[in-house]
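Enquirer: File follows, entry_3.txt with compact mmCIF, C-alpha atoms:
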```txt
# COMPACT_ATOMS: atom_id res chain seq x y z
CA LEU A 1328 -12.14 47.92 -18.00
CA ALA A 1329 -14.30 45.26 -19.59
CA ILE A 1330 -17.22 46.69 -21.46
CA SER A 1331 -20.44 44.65 -21.22
CA PRO A 1332 -22.32 44.28 -24.50
CA ILE A 1333 -25.45 46.31 -24.79
CA PRO A 1334 -28.53 43.98 -24.72
CA ASN A 1335 -30.42 43.86 -27.96
CA PRO A 1336 -34.16 44.00 -27.21
CA HIS A 1337 -34.94 42.52 -30.65
CA ASN A 1338 -33.00 39.32 -29.84
CA ASP A 1339 -34.98 38.85 -26.62
CA VAL A 1340 -38.26 39.28 -28.47
CA TRP A 1341 -37.39 36.67 -31.11
CA PHE A 1342 -36.14 34.30 -28.42
CA ASN A 1343 -39.43 34.60 -26.56
CA ILE A 1344 -41.44 34.09 -29.75
CA SER A 1345 -39.46 30.96 -30.66
CA GLN A 1346 -40.06 29.58 -27.17
CA LEU A 1347 -43.78 30.21 -27.51
CA ILE A 1348 -43.84 28.50 -30.92
CA LEU A 1349 -41.98 25.49 -29.53
CA LEU A 1350 -44.33 25.33 -26.56
CA PHE A 1351 -47.34 25.50 -28.88
CA ILE A 1352 -45.97 22.64 -31.01
CA ILE A 1353 -45.41 20.46 -27.93
CA ILE A 1354 -48.93 21.17 -26.64
CA TYR A 1355 -50.44 20.49 -30.07
CA PHE A 1356 -48.73 17.11 -30.47
CA ASN A 1357 -49.69 16.08 -26.96
CA TYR A 1358 -53.27 17.00 -27.82
CA LEU A 1359 -53.14 14.83 -30.95
CA ILE A 1360 -51.84 11.89 -28.91
CA TYR A 1361 -54.65 12.39 -26.39
CA ILE A 1362 -57.32 12.53 -29.12
CA ASN A 1363 -55.89 9.44 -30.80
CA LYS A 1364 -56.20 7.50 -27.55
CA ARG A 1365 -59.78 8.66 -27.06
CA ILE A 1366 -60.88 7.79 -30.60
CA THR A 1367 -60.89 4.01 -30.96
CA ILE A 1368 -61.43 2.33 -34.31
CA PRO A 1369 -64.17 -0.34 -34.05
CA ASP A 1370 -62.91 -3.91 -34.23
CA LYS A 1371 -63.13 -5.42 -37.69
CA ILE A 1372 -65.37 -8.45 -38.24
CA SER A 1373 -64.41 -10.92 -40.97
CA VAL A 1374 -67.42 -12.75 -42.39
CA VAL A 1375 -66.44 -16.01 -44.11
CA ILE A 1376 -68.81 -17.34 -46.77
CA PRO A 1377 -67.98 -20.70 -48.39
CA THR A 1378 -69.90 -21.33 -51.58
CA TYR A 1379 -70.44 -23.86 -54.33
CA ASN A 1380 -72.84 -23.37 -57.26
CA ARG A 1381 -75.01 -20.73 -55.62
CA GLU A 1382 -75.29 -18.17 -58.42
CA LYS A 1383 -79.00 -17.60 -57.74
CA LEU A 1384 -78.74 -17.29 -53.95
CA ILE A 1385 -75.36 -15.91 -52.95
CA ILE A 1386 -76.03 -12.25 -53.84
CA LYS A 1387 -78.83 -12.03 -51.31
CA ALA A 1388 -76.57 -13.57 -48.67
CA ILE A 1389 -73.71 -11.15 -49.41
CA LYS A 1390 -75.98 -8.11 -49.35
CA SER A 1391 -77.32 -9.15 -45.95
CA VAL A 1392 -73.73 -8.76 -44.70
CA LEU A 1393 -72.87 -5.56 -46.59
CA ASN A 1394 -76.06 -3.90 -45.30
CA GLN A 1395 -75.23 -4.53 -41.64
CA THR A 1396 -75.56 -1.65 -39.20
CA TYR A 1397 -72.02 -2.53 -38.14
CA SER A 1398 -69.87 -1.38 -41.06
CA ASN A 1399 -66.26 -2.25 -40.19
CA ILE A 1400 -66.34 -5.63 -41.90
CA GLU A 1401 -64.71 -7.67 -44.60
CA VAL A 1402 -66.52 -10.38 -46.57
CA ILE A 1403 -64.32 -13.33 -47.53
CA ILE A 1404 -66.02 -15.48 -50.15
CA VAL A 1405 -64.30 -18.81 -50.73
CA ASP A 1406 -65.54 -20.48 -53.90
CA ASP A 1407 -65.10 -24.26 -53.87
CA CYS A 1408 -64.66 -24.67 -57.65
CA SER A 1409 -68.20 -23.73 -58.68
CA THR A 1410 -69.19 -24.89 -62.16
CA ASP A 1411 -71.89 -22.23 -62.59
CA ASN A 1412 -71.64 -18.42 -62.63
CA THR A 1413 -71.28 -17.93 -58.87
CA VAL A 1414 -67.97 -16.03 -59.09
CA ILE A 1415 -69.17 -13.92 -62.02
CA GLU A 1416 -72.26 -12.88 -60.07
CA VAL A 1417 -70.20 -11.99 -56.99
CA LYS A 1418 -67.82 -9.83 -59.05
CA LYS A 1419 -70.79 -7.71 -60.13
CA ILE A 1420 -70.93 -6.33 -56.58
CA HIS A 1421 -68.47 -3.44 -56.41
CA ASP A 1422 -67.54 -3.14 -52.77
CA SER A 1423 -63.97 -2.92 -51.48
CA ARG A 1424 -64.92 -4.97 -48.41
CA ILE A 1425 -65.38 -8.11 -50.54
CA LYS A 1426 -62.53 -10.56 -51.10
CA ILE A 1427 -63.03 -13.48 -53.49
CA ILE A 1428 -60.92 -16.62 -53.09
CA LYS A 1429 -61.32 -19.27 -55.79
CA LEU A 1430 -59.95 -22.68 -54.88
CA ARG A 1431 -58.10 -24.57 -57.60
CA HIS A 1432 -59.52 -27.94 -56.56
CA LYS A 1433 -62.80 -28.84 -54.88
CA LYS A 1434 -62.08 -29.30 -51.18
CA GLY A 1435 -65.46 -29.05 -49.43
CA GLY A 1436 -67.09 -26.50 -47.16
CA ASN A 1437 -64.89 -27.14 -44.11
CA TYR A 1438 -61.68 -26.57 -46.05
CA ALA A 1439 -63.19 -23.40 -47.54
CA ARG A 1440 -64.09 -22.08 -44.07
CA ASN A 1441 -60.60 -22.82 -42.77
CA LYS A 1442 -59.12 -20.99 -45.76
CA GLY A 1443 -61.29 -17.98 -44.97
CA ILE A 1444 -60.22 -18.04 -41.31
CA ARG A 1445 -56.54 -18.05 -42.26
CA LEU A 1446 -56.96 -15.15 -44.69
CA SER A 1447 -59.12 -13.04 -42.38
CA THR A 1448 -57.75 -9.76 -41.01
CA GLY A 1449 -60.48 -8.97 -38.47
CA GLU A 1450 -60.35 -9.27 -34.71
CA PHE A 1451 -63.63 -11.22 -34.84
CA ILE A 1452 -64.93 -13.89 -37.23
CA ALA A 1453 -68.48 -14.71 -38.29
CA PHE A 1454 -69.70 -17.33 -40.74
CA LEU A 1455 -72.53 -17.37 -43.26
CA ASP A 1456 -73.56 -20.02 -45.77
CA SER A 1457 -74.29 -18.74 -49.25
CA ASP A 1458 -78.01 -19.54 -49.11
CA ASP A 1459 -78.70 -18.00 -45.68
CA ILE A 1460 -79.39 -14.47 -44.44
CA PHE A 1461 -78.16 -12.24 -41.62
CA TYR A 1462 -80.64 -9.84 -40.03
CA HIS A 1463 -79.44 -6.27 -40.62
CA ASP A 1464 -78.27 -5.69 -37.01
CA LYS A 1465 -76.88 -9.16 -36.30
CA LEU A 1466 -73.21 -8.26 -36.08
CA GLU A 1467 -73.76 -5.05 -34.11
CA LYS A 1468 -75.88 -6.75 -31.46
CA GLN A 1469 -73.48 -9.66 -31.09
CA ILE A 1470 -70.30 -7.62 -30.86
CA ASN A 1471 -71.93 -5.36 -28.27
CA ASN A 1472 -73.00 -8.40 -26.26
CA ILE A 1473 -69.63 -10.14 -26.48
CA LYS A 1474 -67.89 -7.00 -25.23
CA ASN A 1475 -70.41 -6.24 -22.49
CA LYS A 1476 -70.10 -9.79 -21.18
CA LYS A 1477 -66.31 -9.83 -21.72
CA ALA A 1478 -66.74 -13.05 -23.67
CA ASP A 1479 -64.73 -14.77 -26.41
CA PHE A 1480 -67.63 -16.40 -28.22
CA ASP A 1481 -71.24 -15.36 -28.81
CA PHE A 1482 -74.18 -17.08 -30.46
CA CYS A 1483 -77.71 -16.00 -31.26
CA LYS A 1484 -81.03 -17.66 -32.04
CA ILE A 1485 -81.66 -18.92 -35.57
CA TYR A 1486 -84.80 -19.36 -37.65
CA ILE A 1487 -84.61 -22.55 -39.73
CA HIS A 1488 -86.81 -23.17 -42.75
CA ILE A 1489 -86.72 -26.65 -44.29
CA ASN A 1490 -88.01 -27.01 -47.84
CA ILE A 1491 -87.42 -30.54 -49.11
CA THR A 1492 -90.30 -32.93 -49.84
CA PHE A 1493 -92.10 -31.13 -47.02
CA SER A 1494 -91.93 -27.66 -45.54
CA THR A 1495 -91.47 -26.75 -41.89
CA SER A 1496 -89.91 -24.03 -39.75
CA PHE A 1497 -88.61 -23.75 -36.19
CA ILE A 1498 -86.32 -21.71 -33.94
CA LEU A 1499 -83.16 -22.84 -32.13
CA PRO A 1500 -82.39 -22.93 -29.31
CA ASN A 1501 -85.86 -24.03 -28.20
CA ARG A 1502 -87.39 -22.97 -24.87
CA SER A 1503 -86.02 -25.91 -22.93
CA GLN A 1504 -82.52 -25.39 -24.28
CA GLU A 1505 -82.82 -21.67 -23.64
CA GLU A 1506 -83.45 -22.31 -19.94
CA SER A 1507 -80.28 -24.41 -19.72
CA ILE A 1508 -78.29 -21.69 -21.50
CA ILE A 1509 -79.51 -19.00 -19.10
CA ASN A 1510 -78.58 -21.27 -16.19
CA GLY A 1511 -75.06 -21.60 -17.59
CA ASP A 1512 -75.36 -25.24 -18.70
CA ILE A 1513 -74.42 -24.64 -22.35
CA PHE A 1514 -71.87 -27.43 -22.74
CA GLU A 1515 -73.98 -30.00 -20.91
CA GLU A 1516 -76.93 -29.14 -23.15
CA LEU A 1517 -74.71 -29.43 -26.23
CA THR A 1518 -73.77 -32.99 -25.35
CA LYS A 1519 -77.47 -33.85 -25.72
CA ASP A 1520 -78.16 -32.02 -28.97
CA ASN A 1521 -76.79 -29.19 -31.10
CA PHE A 1522 -78.63 -25.87 -31.13
CA ILE A 1523 -75.79 -23.60 -32.34
CA SER A 1524 -74.99 -23.23 -36.05
CA THR A 1525 -71.91 -21.68 -37.64
CA GLN A 1526 -74.14 -18.89 -38.99
CA SER A 1527 -75.14 -17.89 -35.47
CA ILE A 1528 -71.70 -17.39 -33.95
CA LEU A 1529 -69.33 -14.47 -33.54
CA VAL A 1530 -65.94 -15.46 -32.17
CA LYS A 1531 -62.60 -13.79 -31.50
CA LYS A 1532 -60.09 -14.71 -34.17
CA LYS A 1533 -57.50 -15.67 -31.57
CA VAL A 1534 -59.84 -18.49 -30.50
CA MET A 1535 -59.96 -19.87 -34.05
CA GLU A 1536 -56.24 -19.64 -34.77
CA ASN A 1537 -55.56 -23.11 -33.39
CA ILE A 1538 -59.00 -24.71 -33.70
CA PHE A 1539 -60.24 -25.28 -37.23
CA PHE A 1540 -63.11 -27.15 -38.86
CA ASP A 1541 -62.47 -30.87 -39.32
CA ILE A 1542 -62.15 -31.39 -43.09
CA ASN A 1543 -62.92 -35.09 -42.68
CA LEU A 1544 -66.46 -34.40 -41.48
CA PRO A 1545 -69.09 -34.41 -44.26
CA ARG A 1546 -71.70 -32.92 -41.86
CA LEU A 1547 -72.04 -31.67 -38.27
CA GLN A 1548 -68.84 -29.63 -38.63
CA ASP A 1549 -70.34 -26.90 -36.46
CA TYR A 1550 -71.24 -29.39 -33.73
CA ASP A 1551 -67.75 -30.90 -33.68
CA LEU A 1552 -66.19 -27.43 -33.55
CA LEU A 1553 -68.44 -26.37 -30.67
CA LEU A 1554 -67.59 -29.45 -28.61
CA ARG A 1555 -63.93 -28.48 -28.87
CA ILE A 1556 -64.31 -24.70 -28.35
CA ILE A 1557 -67.06 -24.19 -25.75
CA PRO A 1558 -65.19 -25.78 -22.78
CA LYS A 1559 -62.20 -23.50 -23.40
CA VAL A 1560 -63.81 -20.04 -23.75
CA THR A 1561 -66.18 -17.58 -22.11
CA VAL A 1562 -69.53 -17.74 -23.93
CA SER A 1563 -72.29 -15.14 -24.25
CA PHE A 1564 -75.77 -15.58 -25.71
CA THR A 1565 -77.66 -12.97 -27.74
CA ASN A 1566 -81.24 -13.98 -27.04
CA GLU A 1567 -82.72 -12.91 -30.39
CA VAL A 1568 -83.32 -14.49 -33.78
CA LEU A 1569 -80.72 -12.85 -36.03
CA VAL A 1570 -80.23 -15.42 -38.83
CA ASN A 1571 -82.48 -17.12 -41.38
CA ILE A 1572 -81.25 -20.57 -42.41
CA ASN A 1573 -82.69 -22.26 -45.48
CA ILE A 1574 -82.27 -26.00 -45.98
CA GLN A 1575 -82.82 -26.84 -49.66
CA LYS A 1576 -82.96 -30.15 -51.50
CA ASP A 1577 -79.28 -29.88 -52.44
CA SER A 1578 -78.04 -28.63 -49.05
CA ILE A 1579 -75.33 -30.62 -47.27
CA SER A 1580 -77.65 -30.53 -44.24
CA ASN A 1581 -80.12 -32.65 -46.22
CA SER A 1582 -77.82 -35.66 -46.79
CA LEU A 1583 -78.64 -38.58 -44.46
CA ILE A 1584 -75.67 -40.63 -45.69
CA LYS A 1585 -73.28 -37.80 -44.81
CA LEU A 1586 -75.04 -37.40 -41.47
CA GLN A 1587 -74.49 -41.06 -40.58
CA LYS A 1588 -70.81 -40.84 -41.52
CA ALA A 1589 -70.36 -37.63 -39.49
CA ILE A 1590 -72.01 -39.14 -36.41
CA LYS A 1591 -69.65 -42.13 -36.51
CA ILE A 1592 -66.60 -39.84 -36.68
CA ILE A 1593 -67.82 -37.66 -33.80
CA LEU A 1594 -68.65 -40.70 -31.66
CA ILE A 1595 -65.09 -41.93 -32.09
CA LYS A 1596 -63.59 -38.50 -31.32
CA ARG A 1597 -65.92 -37.67 -28.39
CA LYS A 1598 -66.74 -41.10 -26.98
CA ASN A 1599 -65.93 -39.90 -23.46
CA PHE A 1600 -69.19 -37.95 -23.16
CA VAL A 1601 -71.38 -38.45 -26.26
CA SER A 1602 -73.93 -41.19 -25.60
```
In structure tokens, write the structure found in this file.
Expert:
Amino acid sequence: LAISPIPNPHNDVWFNISQLILLFIIIYFNYLIYINKRITIPDKISVVIPTYNREKLIIKAIKSVLNQTYSNIEVIIVDDCSTDNTVIEVKKIHDSRIKIIKLRHKKGGNYARNKGIRLSTGEFIAFLDSDDIFYHDKLEKQINNIKNKKADFDFCKIYIHINITFSTSFILPNRSQEESIINGDIFEELTKDNFISTQSILVKKKVMENIFFDINLPRLQDYDLLLRIIPKVTVSFTNEVLVNINIQKDSISNSLIKLQKAIKIILIKRKNFVS
């Protein structure tokens, strides 16, 4: 006769315990996967700041970015061979979000911006000139708007202060332009006049990967870029002033000779609709 082994109750207990432990581990890891899907890391915004000889102004510009209510940012400062202490002043700010790129040869603001775009790691890109200021909630309001509207490109209002031989201030877009924007006639209005500056925009990086600033343009680089981008993307408008722009005596924006040269280049490139 075959004798059946006597069951060991201790073996059954340990088997059941090991099953429970395995089941707990499976449940725990599934829970971690679920939590990871629920918790989304905010998209990073790369803020590109080209600069040249702005040792007295750039710190204020940088701090206006670092003090944003939206914190997942990187600040890419591209120095175009400054001959003053601009880089030294920037290095005094100890913040891991700052990246300093010093060009070996002077290439101009457009080249510096393109360099910043290529080195950016964010999903979105914003631009700031080294003598201008972001309002503290600029990036947060724009990224919320761009996502709510499912857009690729957002721009806000800007406050411009001109201090040359005279002093004046105004806001862009103006009321007439604002009406056209609300009615969806952004590109048509742009062919008449520019009311969007590089400092006012927030754009998905994927949009900028194949469209860069024209390094041959001495001025109006933002206008030329907009004429190429706007027809190809979905645009949203944050209807608030969120940037202060200062035009000084030595600003590129103050050079009439460079303006004339830039207009000629744009007329040749966009002669099909620019009158």
Enquirer: Out of A:Ser1496, A:Asn1571, A:Thr1561, A:Ser1524, which residue has the shortest atom-to-atom distance to Lys1387 of chain A when counting all atoms listed in the file?
Expert: A:Asn1571
Enquirer: Identify, on the basis of all atoms listed in the file, every residue whose closest approach to Leu1446 of chain A does not exceed 10 Å; exclude the query and any residue fewer than 5 positions from it along the same chain; express the result as a PDB file with C-alpha atoms, keeping the file's coordinate frame.
Expert:
```pdb
ATOM      1  CA  SER A1373     -64.410 -10.920 -40.970  1.00  0.00           C
ATOM      2  CA  VAL A1375     -66.440 -16.010 -44.110  1.00  0.00           C
ATOM      3  CA  ILE A1403     -64.320 -13.330 -47.530  1.00  0.00           C
ATOM      4  CA  LYS A1426     -62.530 -10.560 -51.100  1.00  0.00           C
ATOM      5  CA  ILE A1428     -60.920 -16.620 -53.090  1.00  0.00           C
ATOM      6  CA  ARG A1440     -64.090 -22.080 -44.070  1.00  0.00           C
ATOM      7  CA  ASN A1441     -60.600 -22.820 -42.770  1.00  0.00           C
TER       8      ASN A1441
END
```
Enquirer: Could you work out an axis-aligned bounding box for all listed atoms of segment 1529-1534 of chain A, with 3 Å added on each of the six sides, and give its centre and edge lengths in Å to one decimal, as AutoDock Vina command-line options?
Expert:
```
--center_x -63.4 --center_y -16.1 --center_z -32.3 --size_x 17.8 --size_y 10.7 --size_z 9.7
```
Enquirer: Taking into account all atoms listed in the file, which residue in the set A:Arg1424, A:Lys1474, A:His1463, A:His1432 is nearest to Pro1369 of chain A?
Expert: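 Of A:Arg1424, A:Lys1474, A:His1463, A:His1432, the one nearest Pro1369 of chain A is A:Lys1474, counting all atoms listed in the file.
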Enquirer: Out of A:Tyr1358, A:Ile1376, A:Leu1554, A:Arg1381, which residue has the shortest atom-to-atom distance to Phe1454 of chain A when counting only C-alpha atoms?
Expert: A:Ile1376
Enquirer: Would you mind reading off the distance between atom CA of Thr1413 of chain A and atom CA of Thr1378 of chain A, one decimal, in Å?
Expert: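 The value is 8.2 Å.
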